[in-house]
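Below is one structure, written out as structure tokens, with a few remarks after it.
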Amino acid sequence: MKALVYQGPNCLALEERPKPSIQDPTDAIVKVTHTTICGTDIHLLQNEIPCNPDCILGHEGVGIIEAIGSGVTNFYPDQLVLISCITSCGYCLHCRKGMPSNCLSGGFTLGNKIDGTQAEYVRVPHASFSLHLLPDTIDRKASVLLSDVFPTAYECGIRNGQIRPGSRVAIIGPGPIGLAALSMLKSLFGPALVVVIGRGKSRLDAAKAAGADHTLSTLDGIGELTERSNALTGDRGFDVVIEAVGSKQAFEISQALVAAGGTIATLGVYGSKCDLHLEKLWNRNICLKTGLVDTVSTPELLEMAKAGILRPESLVSHNFSLDEIEQAYTVVRAASEHGTMKVVITI
Ligand SMILES: [Zn+2]
Ligand SMILES: [Zn+2]
């Protein structure tokens, strides 16, 4: 089968690899029909977070079950499924606490520790808890955004941010996750103010079109940004700052903009250390939440997508075939040049 393989830092190639087979009774083999490229794949590629050499990349996908192990009793071959970006055993200490991100034999493994979804077939361990049945009525291509983008935006941004009706919210990072958070919080939570902060003009324009009340550019510098935010919030700051970039600058901005008693919900992938300014924040009663997605909200999100409350298709900007996946990586890496939001790879 064809698969996109990580060959080392900044080096990937579409290779011919053996088709995976069942290794454990809890496995499923899924014929991938759609996958996508995540910002995390770029971090892996740039060696900012570790990736096993020769690993097939990709942790998001939709496909059709080809085979199941003898221990999988809730799925059958030929079913259309969503592959969660987090594999979950369902019974370890962390899974039983509702935190499969830290599953002792799973978590974020697909596409970095074990072969992932940017391939014609993928072996999904712990299939009973790591797959979700997709209804035929759902847009199959766009539902690939329910593997990671929407659960991350919802769990790590909206829920961790403790957003309530009337909240003043800043979203730093108008990428797919930032815009998914924007669309969900606008349609579900009634915020008083949503300001999206980022760099690329095309993405800030997309945020405005998706319902942001205001957009601010990080290119203006943190001083100017703080001044403009103060003007928008009456010098109070934001009740919730969703940090969806994962950079030193984004973390600095989050701390500068959070209101007294507010929450910073950071969901960026950090490859290096950042300063936490407790000398300024110790008496501000803030809450800092970090988070790798648990994907425990996926069943609810699927219901919302089925009911038309979520519109994942609105975030798909480019379509490619698996043969074109290296070109798709170029389009993701140069997002502002190409106006890239989310790419979908059809296999
Ligand atoms: Zn991802
Ligand atoms: Zn577990």
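The way I read the labels, and the way they are meant: chains A, B, ... in the order of the structure tokens, residue 1 as the first residue of every chain, and ligand 1 as the first ligand shown, with later ones counted on from there.
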
*Going by DSSP on the backbone, which bits of region 118-344 of chain A are strand (DSSP E or B)? Write them as a ChimeraX atom specification, please.*
/A:119,121-124,131-133,168-172,193-198,214-217,238-243,258-266,287-290,316-321,342-344

*With only C-alpha atoms and all ligand atoms counted, collect every polymer residue having an atom within 6 Å of ligand 2; state the result as a PyMOL selection string.*
chain A and resi 88-92+94-95+100+103-105

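Candidate residues A:Val258, A:Val194, A:Lys342, A:Tyr76 were compared for distance to ligand 1, and the nearest is A:Lys342, using only C-alpha atoms and all ligand atoms.
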
*Residue nearest ligand 1 - candidates A:Ser229, A:Thr295, A:Ser247, A:Ser321, atoms counted: only C-alpha atoms and all ligand atoms*: A:Thr295

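Shortest atom-to-atom contact with Gly61 (chain A) among A:Gly237, A:Gly98, A:Pro191, A:Gly116: A:Gly116, counting only C-alpha atoms.
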
_Contacts of region 158-160 of chain A at 9 Å (only C-alpha atoms; same-chain gap of 6+ positions) as a PyMOL selection string_ = chain A and resi 152+181+184-185+240+242+263-266+288-291

List all protein, DNA and RNA residues that have any atom at most 6 Å from ligand 1, counting only C-alpha atoms and all ligand atoms, and write the list as a CSV table (one decimal) with N, CA, C and O atoms, in the first residue's frame.
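Output saved as out.csv:
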```
chain,number,residue,atom,x,y,z
A,38,CYS,N,-2.3,17.8,10.1
A,38,CYS,CA,-2.5,18.6,11.3
A,38,CYS,C,-1.2,19.5,11.5
A,38,CYS,O,-0.1,19.1,11.1
A,40,THR,N,0.2,19.5,14.2
A,40,THR,CA,1.0,18.6,15.0
A,40,THR,C,1.9,17.8,14.1
A,40,THR,O,3.1,17.5,14.4
A,148,ASP,N,-9.9,15.2,15.4
A,148,ASP,CA,-9.0,16.0,16.3
A,148,ASP,C,-9.5,17.4,16.4
A,148,ASP,O,-9.6,18.0,17.5
```

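Contact shell of Asp27 (chain A) at 10 Å (only C-alpha atoms; same-chain neighbours under 6 positions omitted): Ser21, Ala67, Ile68, Gly69, Ser70, Gly71, Val72, Arg123, Val124, Pro125, His126, Ala127, Ser128 and Ser130 of chain A.
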
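For region 67-97 of chain A, backbone-based DSSP labels the following residues as helix (DSSP H, G or I): Leu93, His94, Cys95 and Arg96 of chain A.
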
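Between CA of Gly178 (chain A) and CA of Asn283 (chain A) the separation is 28.6 Å.
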
_Spatial neighbours of Val269 (chain A), 12 Å, only C-alpha atoms, chain gap at least 2 places, as a ChimeraX atom specification_ = /A:38-44,48-50,152,156,243-248,250-251,266-267,271-274,290-293

_Please list as a list in words every residue within 6 Å of region 305-320 of chain A, counting only C-alpha atoms and excluding residues in the same chain fewer than 4 positions away._
Ala142, Glu324, Thr340, Met341, Lys342, Val343, Val344 and Ile345 of chain A
